[in-house]
Each structure stands twice: as C-alpha cells, then as structure tokens.
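This is entry.cif. It holds mmCIF, C-alpha atoms.
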data_run
loop_
_atom_site.label_atom_id
_atom_site.label_comp_id
_atom_site.auth_asym_id
_atom_site.auth_seq_id
_atom_site.Cartn_x
_atom_site.Cartn_y
_atom_site.Cartn_z
CA MET A 1 18.88 10.25 -6.31
CA ALA A 2 16.66 12.86 -4.77
CA ILE A 3 13.56 10.74 -4.20
CA GLU A 4 13.78 7.84 -1.77
CA THR A 5 11.18 5.09 -1.84
CA SER A 6 10.62 2.54 0.86
CA ASN A 7 11.67 -1.05 0.35
CA GLU A 8 9.67 -2.21 3.34
CA CYS A 9 7.22 -5.02 2.92
CA MET A 10 3.65 -3.65 2.64
CA SER A 11 1.32 -4.81 5.41
CA VAL A 12 -2.36 -5.73 4.98
CA ALA A 13 -3.33 -2.52 6.81
CA GLN A 14 -1.13 -0.39 4.53
CA ALA A 15 -2.63 -2.07 1.46
CA GLU A 16 -6.16 -1.35 2.69
CA ILE A 17 -5.30 2.33 3.17
CA LEU A 18 -3.73 2.47 -0.30
CA LEU A 19 -6.81 0.90 -1.91
CA GLN A 20 -9.14 3.27 -0.03
CA SER A 21 -7.21 6.51 -0.35
CA GLY A 22 -4.91 5.99 -3.32
CA VAL A 23 -1.90 8.16 -4.06
CA ASN A 24 -2.34 11.91 -4.23
CA CYS A 25 -0.53 13.24 -7.31
CA ARG A 26 -1.36 16.91 -6.67
CA GLY A 27 1.53 19.26 -6.05
CA VAL A 28 2.16 22.89 -5.14
CA THR A 29 3.99 25.59 -7.06
CA ASN A 30 4.17 29.35 -6.77
CA ALA A 31 4.47 29.75 -10.51
CA PRO A 32 1.30 30.78 -12.35
CA PRO A 33 -0.06 28.54 -15.13
CA LYS A 34 1.71 29.24 -18.42
CA PHE A 35 -1.49 28.80 -20.43
CA GLN A 36 -5.21 29.55 -20.21
CA VAL A 37 -8.25 27.88 -21.75
CA GLY A 38 -8.39 28.70 -25.47
CA ASP A 39 -4.61 29.25 -25.87
CA MET A 40 -2.97 27.48 -28.79
CA VAL A 41 0.01 25.36 -27.76
CA LYS A 42 2.54 23.17 -29.50
CA ALA A 43 3.64 19.87 -28.01
CA LYS A 44 7.43 19.93 -27.81
CA VAL A 45 9.52 17.89 -30.17
CA MET A 46 11.82 15.89 -27.93
CA HIS A 47 13.10 12.36 -27.76
CA PRO A 48 14.35 11.78 -24.24
CA VAL A 49 16.03 8.44 -23.60
CA THR A 50 14.39 8.55 -20.15
CA TYR A 51 10.74 8.28 -19.13
CA THR A 52 8.16 10.74 -20.46
CA ARG A 53 4.37 11.10 -20.50
CA LEU A 54 4.48 13.06 -23.76
CA PRO A 55 3.51 10.48 -26.39
CA ARG A 56 5.39 10.54 -29.68
CA TYR A 57 2.25 10.93 -31.79
CA VAL A 58 1.45 14.45 -30.51
CA ARG A 59 5.01 15.83 -30.55
CA GLY A 60 5.24 18.90 -32.78
CA LYS A 61 1.45 19.12 -33.14
CA VAL A 62 -0.58 22.23 -32.37
CA GLY A 63 -3.64 22.00 -30.13
CA THR A 64 -5.82 24.17 -27.90
CA ILE A 65 -5.97 24.28 -24.10
CA ALA A 66 -9.39 22.82 -23.20
CA LYS A 67 -9.03 22.80 -19.42
CA VAL A 68 -6.52 23.80 -16.75
CA HIS A 69 -6.41 20.84 -14.34
CA GLY A 70 -4.21 22.44 -11.66
CA VAL A 71 -0.80 21.48 -10.31
CA TYR A 72 0.46 17.90 -10.32
CA VAL A 73 3.84 16.28 -9.68
CA PHE A 74 5.80 15.53 -12.85
CA PRO A 75 6.13 11.84 -13.75
CA ASP A 76 8.93 12.50 -16.27
CA THR A 77 11.34 13.42 -13.46
CA ILE A 78 9.78 11.23 -10.74
CA GLY A 79 10.33 8.27 -13.06
CA GLN A 80 14.04 8.95 -12.75
CA ARG A 81 13.75 9.54 -8.97
CA LEU A 82 15.09 13.07 -9.55
CA ASP A 83 12.49 15.60 -8.43
CA THR A 84 8.70 15.92 -8.07
CA LYS A 85 8.91 19.18 -10.11
CA PRO A 86 5.24 20.21 -9.53
CA GLN A 87 3.68 22.05 -12.47
CA TYR A 88 0.38 22.73 -14.21
CA VAL A 89 -1.40 20.03 -16.18
CA TYR A 90 -3.74 20.97 -19.02
CA ASN A 91 -6.19 19.07 -21.13
CA VAL A 92 -5.16 19.80 -24.70
CA ARG A 93 -7.54 19.27 -27.62
CA PHE A 94 -6.11 18.30 -31.01
CA ALA A 95 -8.02 17.88 -34.27
CA ALA A 96 -7.47 14.32 -35.52
CA GLN A 97 -6.64 15.73 -38.96
CA ASP A 98 -3.83 17.83 -37.46
CA ILE A 99 -2.31 14.65 -36.05
CA TRP A 100 -3.08 12.03 -38.68
CA GLY A 101 -3.72 14.02 -41.85
CA PRO A 102 -6.71 14.48 -44.16
CA ASP A 103 -7.83 10.83 -44.01
CA ALA A 104 -8.95 11.32 -40.40
CA SER A 105 -12.55 12.41 -39.79
CA PRO A 106 -13.00 16.18 -39.42
CA LYS A 107 -15.30 15.30 -36.50
CA ASP A 108 -12.63 13.38 -34.53
CA PHE A 109 -10.68 15.05 -31.72
CA LEU A 110 -8.01 13.89 -29.32
CA HIS A 111 -7.97 15.13 -25.73
CA ILE A 112 -4.77 14.54 -23.81
CA ASP A 113 -3.35 15.78 -20.49
CA LEU A 114 0.01 17.50 -20.88
CA PHE A 115 2.33 19.26 -18.42
CA ASP A 116 3.89 22.74 -18.66
CA ASP A 117 7.24 21.13 -19.55
CA HIS A 118 5.63 19.39 -22.55
CA LEU A 119 4.26 22.54 -24.15
CA ASP A 120 5.48 25.55 -26.10
CA THR A 121 3.62 28.76 -26.91
CA VAL A 122 2.53 29.02 -30.54
CA MET B 1 -5.68 -12.35 -31.07
CA PRO B 2 -3.60 -15.52 -30.91
CA HIS B 3 -3.36 -16.90 -27.45
CA SER B 4 -3.67 -20.41 -26.21
CA HIS B 5 -4.26 -22.09 -22.88
CA HIS B 6 -0.65 -23.20 -23.13
CA SER B 7 0.76 -19.64 -23.02
CA GLU B 8 -1.66 -18.58 -20.29
CA SER B 9 -0.48 -21.37 -18.02
CA ASP B 10 3.14 -20.42 -18.82
CA ILE B 11 2.42 -16.91 -17.57
CA ALA B 12 0.59 -18.22 -14.50
CA LEU B 13 3.59 -20.43 -13.74
CA ARG B 14 6.03 -17.56 -14.13
CA VAL B 15 3.92 -15.29 -11.90
CA ARG B 16 3.77 -18.00 -9.26
CA ALA B 17 7.55 -18.49 -9.38
CA ILE B 18 8.20 -14.74 -8.99
CA GLU B 19 5.58 -14.51 -6.22
CA SER B 20 7.18 -17.33 -4.19
CA LEU B 21 10.64 -15.81 -4.61
CA LEU B 22 9.43 -12.36 -3.46
CA ALA B 23 7.66 -13.93 -0.48
CA GLU B 24 10.70 -16.05 0.47
CA LYS B 25 12.90 -12.97 0.39
CA GLY B 26 10.42 -11.07 2.57
CA ILE B 27 9.77 -8.42 -0.08
CA ILE B 28 6.04 -9.14 -0.21
CA ASP B 29 3.68 -10.51 2.42
CA PRO B 30 1.35 -13.16 0.91
CA ALA B 31 -1.42 -11.98 3.27
CA THR B 32 -1.19 -8.48 1.75
CA LEU B 33 -1.39 -9.93 -1.74
CA ASP B 34 -4.48 -11.94 -0.74
CA ALA B 35 -6.14 -8.82 0.68
CA ILE B 36 -5.55 -6.91 -2.56
CA ILE B 37 -6.79 -9.77 -4.75
CA ASP B 38 -9.85 -10.19 -2.52
CA ALA B 39 -10.66 -6.47 -2.84
CA TYR B 40 -10.60 -6.59 -6.65
CA GLU B 41 -12.48 -9.88 -6.79
CA HIS B 42 -15.27 -8.98 -4.37
CA ARG B 43 -15.52 -5.24 -3.62
CA ILE B 44 -14.17 -3.25 -6.52
CA GLY B 45 -15.64 -3.46 -10.01
CA PRO B 46 -17.83 -1.81 -12.66
CA HIS B 47 -20.85 -1.89 -10.29
CA ASN B 48 -19.21 1.11 -8.57
CA GLY B 49 -19.14 3.09 -11.81
CA ALA B 50 -22.71 2.01 -12.58
CA ARG B 51 -23.87 3.55 -9.28
CA ILE B 52 -22.29 6.87 -10.24
CA VAL B 53 -23.90 6.82 -13.70
CA ALA B 54 -27.37 5.91 -12.39
CA LYS B 55 -27.20 8.68 -9.79
CA ALA B 56 -26.25 11.21 -12.47
CA TRP B 57 -29.20 10.03 -14.57
CA VAL B 58 -31.77 10.53 -11.81
CA SER B 59 -30.32 13.66 -10.18
CA TYR B 60 -29.69 16.70 -12.37
CA ASP B 61 -27.80 18.44 -9.54
CA TYR B 62 -25.53 15.44 -8.99
CA LYS B 63 -24.81 15.23 -12.73
CA GLN B 64 -23.77 18.90 -12.79
CA ARG B 65 -21.43 18.36 -9.84
CA LEU B 66 -20.04 15.19 -11.43
CA LEU B 67 -19.23 16.89 -14.73
CA ALA B 68 -17.79 19.98 -13.02
CA ASP B 69 -15.59 18.10 -10.53
CA GLY B 70 -15.60 14.31 -10.91
CA THR B 71 -13.25 13.72 -8.00
CA SER B 72 -15.45 15.48 -5.40
CA ALA B 73 -18.76 14.14 -6.74
CA ILE B 74 -17.46 10.56 -6.73
CA ALA B 75 -16.08 11.07 -3.22
CA GLU B 76 -19.63 11.95 -2.09
CA LEU B 77 -20.50 8.30 -2.77
CA GLY B 78 -17.34 7.06 -1.04
CA LEU B 79 -16.12 5.46 -4.26
CA THR B 80 -12.68 7.01 -4.60
CA GLY B 81 -9.60 4.87 -4.23
CA PHE B 82 -6.39 3.66 -5.77
CA SER B 83 -5.95 4.75 -9.41
CA SER B 84 -9.08 6.92 -9.29
CA GLU B 85 -7.70 9.78 -7.20
CA HIS B 86 -8.21 12.47 -9.82
CA MET B 87 -11.34 11.85 -11.87
CA VAL B 88 -12.79 13.51 -14.94
CA VAL B 89 -16.27 12.50 -16.13
CA VAL B 90 -17.15 13.12 -19.79
CA GLU B 91 -20.73 13.06 -21.03
CA ASN B 92 -22.04 11.35 -24.14
CA THR B 93 -24.76 13.29 -25.94
CA PRO B 94 -26.49 12.95 -29.32
CA GLN B 95 -23.72 15.24 -30.67
CA VAL B 96 -20.63 13.85 -28.89
CA HIS B 97 -19.33 10.34 -28.26
CA ASN B 98 -16.41 9.88 -25.84
CA LEU B 99 -13.88 7.05 -25.85
CA VAL B 100 -11.17 6.42 -23.23
CA VAL B 101 -7.77 4.88 -23.90
CA CYS B 102 -4.27 4.98 -22.43
CA THR B 103 -1.77 4.84 -25.27
CA LEU B 104 1.30 4.77 -23.01
CA CYS B 105 0.26 1.85 -20.79
CA SER B 106 -3.19 0.95 -19.49
CA CYS B 107 -4.22 3.70 -17.05
CA TYR B 108 -7.79 3.08 -15.97
CA PRO B 109 -10.04 4.13 -13.05
CA TRP B 110 -9.54 0.96 -11.00
CA ALA B 111 -11.62 2.02 -7.97
CA ILE B 112 -14.56 2.84 -10.24
CA LEU B 113 -14.37 0.12 -12.92
CA GLY B 114 -12.18 -2.59 -11.37
CA LEU B 115 -9.24 -4.06 -13.28
CA PRO B 116 -8.99 -3.17 -16.98
CA PRO B 117 -10.15 -5.78 -19.51
CA THR B 118 -7.42 -7.52 -21.52
CA TRP B 119 -8.37 -5.76 -24.77
CA TYR B 120 -7.96 -2.35 -23.08
CA LYS B 121 -4.31 -3.26 -22.41
CA SER B 122 -3.66 -4.66 -25.90
CA PHE B 123 -1.31 -2.85 -28.30
CA ALA B 124 -4.04 -3.00 -30.96
CA TYR B 125 -6.63 -1.07 -28.91
CA ARG B 126 -4.10 1.41 -27.54
CA SER B 127 -2.75 2.36 -30.96
CA ARG B 128 -5.93 2.11 -33.03
CA ALA B 129 -8.29 3.92 -30.63
CA VAL B 130 -6.48 7.21 -31.33
CA ILE B 131 -5.89 6.81 -35.07
CA GLU B 132 -9.15 5.17 -36.19
CA PRO B 133 -11.70 5.40 -33.36
CA ARG B 134 -14.72 4.96 -35.65
CA LYS B 135 -13.40 1.68 -37.03
CA VAL B 136 -12.53 0.39 -33.56
CA LEU B 137 -16.04 1.29 -32.34
CA GLN B 138 -17.56 -0.50 -35.34
CA GLU B 139 -15.71 -3.62 -34.29
CA PHE B 140 -17.35 -3.24 -30.87
CA GLY B 141 -20.69 -3.10 -32.71
CA LEU B 142 -21.11 0.65 -32.41
CA ASP B 143 -21.74 2.72 -35.54
CA ILE B 144 -21.17 6.39 -34.78
CA PRO B 145 -22.82 8.63 -37.42
CA ASP B 146 -20.40 10.84 -39.40
CA GLU B 147 -21.89 14.03 -37.99
CA VAL B 148 -21.32 12.96 -34.38
CA GLU B 149 -18.08 14.27 -32.88
CA ILE B 150 -15.77 11.66 -31.37
CA ARG B 151 -13.55 12.69 -28.50
CA VAL B 152 -10.79 10.24 -27.67
CA TRP B 153 -9.36 10.77 -24.18
CA ASP B 154 -5.76 9.56 -23.83
CA SER B 155 -5.36 9.20 -20.05
CA ASN B 156 -1.60 9.54 -20.12
CA ALA B 157 -1.20 11.76 -17.03
CA ASP B 158 -2.58 11.18 -13.52
CA LEU B 159 -6.21 11.99 -14.26
CA ARG B 160 -8.56 9.09 -14.92
CA TYR B 161 -11.61 9.21 -17.15
CA LEU B 162 -15.15 7.87 -16.85
CA VAL B 163 -17.70 8.12 -19.66
CA LEU B 164 -21.21 9.11 -18.62
CA PRO B 165 -23.32 7.25 -21.19
CA GLU B 166 -26.67 8.52 -22.48
CA ARG B 167 -29.67 7.32 -20.53
CA PRO B 168 -31.66 5.03 -22.81
CA SER B 169 -35.19 6.02 -23.70
CA GLY B 170 -38.02 4.08 -22.13
CA THR B 171 -36.34 4.01 -18.72
CA GLU B 172 -38.21 6.99 -17.22
CA ASP B 173 -40.01 4.87 -14.62
CA MET B 174 -37.00 2.85 -13.51
CA SER B 175 -35.43 3.19 -10.06
CA GLU B 176 -31.82 4.27 -9.57
CA GLU B 177 -30.90 0.69 -8.59
CA ALA B 178 -32.58 -0.80 -11.65
CA LEU B 179 -30.88 1.77 -13.89
CA ALA B 180 -27.48 0.87 -12.43
CA ASP B 181 -28.07 -2.74 -13.54
CA LEU B 182 -28.27 -1.58 -17.17
CA VAL B 183 -24.87 0.15 -17.15
CA THR B 184 -22.01 -1.94 -18.49
CA ARG B 185 -18.26 -1.58 -18.07
CA ASN B 186 -17.78 -0.97 -21.81
CA ALA B 187 -20.40 1.81 -21.79
CA MET B 188 -18.28 3.62 -19.17
CA ILE B 189 -15.13 3.24 -21.33
CA GLY B 190 -17.05 4.39 -24.41
CA THR B 191 -16.98 1.18 -26.46
CA ALA B 192 -20.72 0.56 -25.96
CA LYS B 193 -23.97 2.36 -25.35
CA VAL B 194 -26.51 1.55 -22.66
CA TYR B 195 -29.63 -0.13 -23.96
CA PRO B 196 -33.09 -0.25 -22.42
CA PRO B 197 -34.04 -3.55 -20.78
CA ARG B 198 -35.60 -6.04 -23.14
CA SER B 199 -39.13 -6.82 -22.20
CA PRO B 200 -39.38 -10.38 -20.93
CA SER B 201 -40.29 -12.82 -23.64
CA THR B 202 -43.75 -14.24 -23.34
CA ILE B 203 -44.67 -17.81 -23.87
CA THR B 204 -47.11 -18.08 -26.70
CA ALA B 205 -49.39 -20.97 -27.21
#

Translate the structure described by the file into structure tokens.
Amino acid sequence: MAIETSNECMSVAQAEILLQSGVNCRGVTNAPPKFQVGDMVKAKVMHPVTYTRLPRYVRGKVGTIAKVHGVYVFPDTIGQRLDTKPQYVYNVRFAAQDIWGPDASPKDFLHIDLFDDHLDTV
Amino acid sequence: MPHSHHSESDIALRVRAIESLLAEKGIIDPATLDAIIDAYEHRIGPHNGARIVAKAWVSYDYKQRLLADGTSAIAELGLTGFSSEHMVVVENTPQVHNLVVCTLCSCYPWAILGLPPTWYKSFAYRSRAVIEPRKVLQEFGLDIPDEVEIRVWDSNADLRYLVLPERPSGTEDMSEEALADLVTRNAMIGTAKVYPPRSPSTITA
C-alpha cells in the first residue's frame, strides 16, 4: 500500500480546520492535457472490480470536451490506496440521445467530469 | 417511498451502538462529533448558498467572477469549506435549465448547501435524474418547456455544483438580504425555480 492514512482520533480543532478548509483534491503533473475544449472523446469501456468514478452509463459513449478543469488526484487509484496519480479532469458533454437512445429529448444533455484515464480519442 | 418510524428508530439505534463502540475504543472523540453536528445544525446550510446567489443577482461583476471561477468567487465571501473545495456555478437562463445529481453516491456542496436532503441520496433520484430529467422535474412541480435545454450535471468527480437560479421578475427594488430570503435549497440544486414574494394578503371587510 503506497498511501498511508492516519488512524489517530480526530480532535475538535482538527475537525474545525477540516470543516473550514476542506480537502484539496488538486494535484500536479508535468504531462500536458490530452484533450482540449471541443475535442470529441469516447468514455472507455472497462469493468474494473475495484473502485472507479467512471459510471457505467457513459462507458463507450462519445461526448465533447466542454471544459478543462485542471489537474486533480485520481480517486480510482486512491480508493485502492495505490497512488494519487494526478491527471487532468474534463467536463464532458454528452447528448442524452447518444446515451439513452431516440426516446430521450434532443434538448437534454449530460455534463460529467471525467479523468484522462477514463477517456479515449475518437 | 416506504419508510416507517419503526425503521428510522432501528437506524438511529444502530448508529448509536456503532458510535458508542467507536468512542469506547478511542477511535472517535464524542466532543469532535458534537462539534461537527453543531456546525451542520447551526452554521452551515442553504442560507450560505442563498447569499452567493443574491450577490450574483445584484452585482454583475460578481456574477461574472462566480461563473468564471466558482471556487475563488465563493472564497471571497468566506463560504468555502469541506466538500465545497472545488466549485462550479452553472446559470439558469430562459434557454437553459440546470439540474445537479450525483449518480455514484451523493456528492453535494456541503459548505454551501448543508447536508443533502434524503431524496437527493435516494436511488430513484440518482438514476432517474440522468435518464428522464423532465419527468423528475415535473414531479417537483416544474414544467420545463420542450424548447428549453436541460443540462444534468453528474458531480461524480471532486468538483461540486451550484445552480444559479434566474432572478424572479418584480424583485428589482429588493435588497440583497431580502433577495437571499427568496432563494431555496431546491432552486440551487435545480429542482425548483425562485419565485417573487407573494404580496401580503389583505383583510377585506
């Protein structure tokens, strides 16, 4: 296990700091973002037995990068206490019809935040 | 949804049993737990989000900063905190209605809106909000016209979302504080709109 977490009992003062300041999820990487706003991307088809933030309902679907959020630590590997694996997060816009089929409204869109490791180039 | 007072007290009992065990083993400090509960009962709640919305309604410059970088603009008001570290604010307009959900669990901007309502955490809301948002909104009493675009924001990563509702008409003369009183929690999730204040009823002879 690469990531150690404290088992110490949290004090009142520590709780106050946590409530005030929260937990910073930003990370740093030297790698450039793989995608830019307007790029078409495909959510990977994968079925890991471990934790992932890539929901099943967008896997294999094609969407468009709506925003580049910057670099964040990667919950999929942190959830296994393996590595923070910092990488870019993007807001990806999907047409509801591309996810759910023709019964969905042509005016409905899904916006979801996905990581570099969740996305393939189209 | 089926739930009875019986099952609620079962859960309360189970929580209390786990809490006493954790305290006895020294894993949690009951004083810390009390401090956290006190914060969410008395300091943190939707009134924080309402302040942000009202400020954006009265100050064009603030609204631009808020939409460009929610995290920094909210920090200006000192309202950041746990589970609201990285904020995105999305604006409702006559052309676009925004709705926030977390399909994977129940991610929610706690520092801005307080603890999430029970329905926000329900399987029904989390699955239906993405597949049939118009029907879900109808059940909340909100009819979104066909030509209006609906954007559903699945807050599955570490960014948290706040909806900036439309300012209701007829509120041009209201102060920022009075405007904040109109803003509801659901309007900031996207399951409601903000309505102008009803004029006080008059007693007629």

Original post:
Which residues fall under the PyMOL selection byres ((chain A) within 6 of (chain B)) in this file, as number ranges by chain?
Top reply: A: 9, 11-12, 19-22, 107-113

**OP:** Name the closest residue to Pro86 (chain A) among the candidates A:Cys25, A:Val68, A:Met40, A:Leu54; distances are taken between atoms, counting only C-alpha atoms.
**Re:**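 Nearest to Pro86 (chain A): A:Cys25.
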
Subject >> Minimum-distance residue to Ala192 (chain B), chosen among B:Asn92, B:Lys55, B:Ser169, B:Ala180 (using all atoms listed in the file) >> reply: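 Closest candidate: B:Asn92.
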
Original post:
Using all atoms listed in the file, which of the listed residues (B:Arg14, B:His42, B:Cys105, B:Leu66) sits closest to Arg53 (chain A)?
Top reply: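 Among the listed residues, the smallest separation from Arg53 (chain A) belongs to B:Cys105.
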
Original post:
Can you tell me how far CA of Ile112 (chain B) sits from CA of Gly45 (chain B), in Å to one decimal?
Top reply: 6.4 Å

Subject >> CA of Val53 (chain B) to CA of Pro196 (chain B), distance in Å rounded to a single decimal >> reply: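 Pair CA of Val53 (chain B) / CA of Pro196 (chain B) returns 14.5 Å.
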
**OP:** Could you check which of B:Ile37, B:Leu162, B:Val101, B:Ala56 is closest to Ala129 (chain B), using all atoms listed in the file?
**Re:** B:Val101
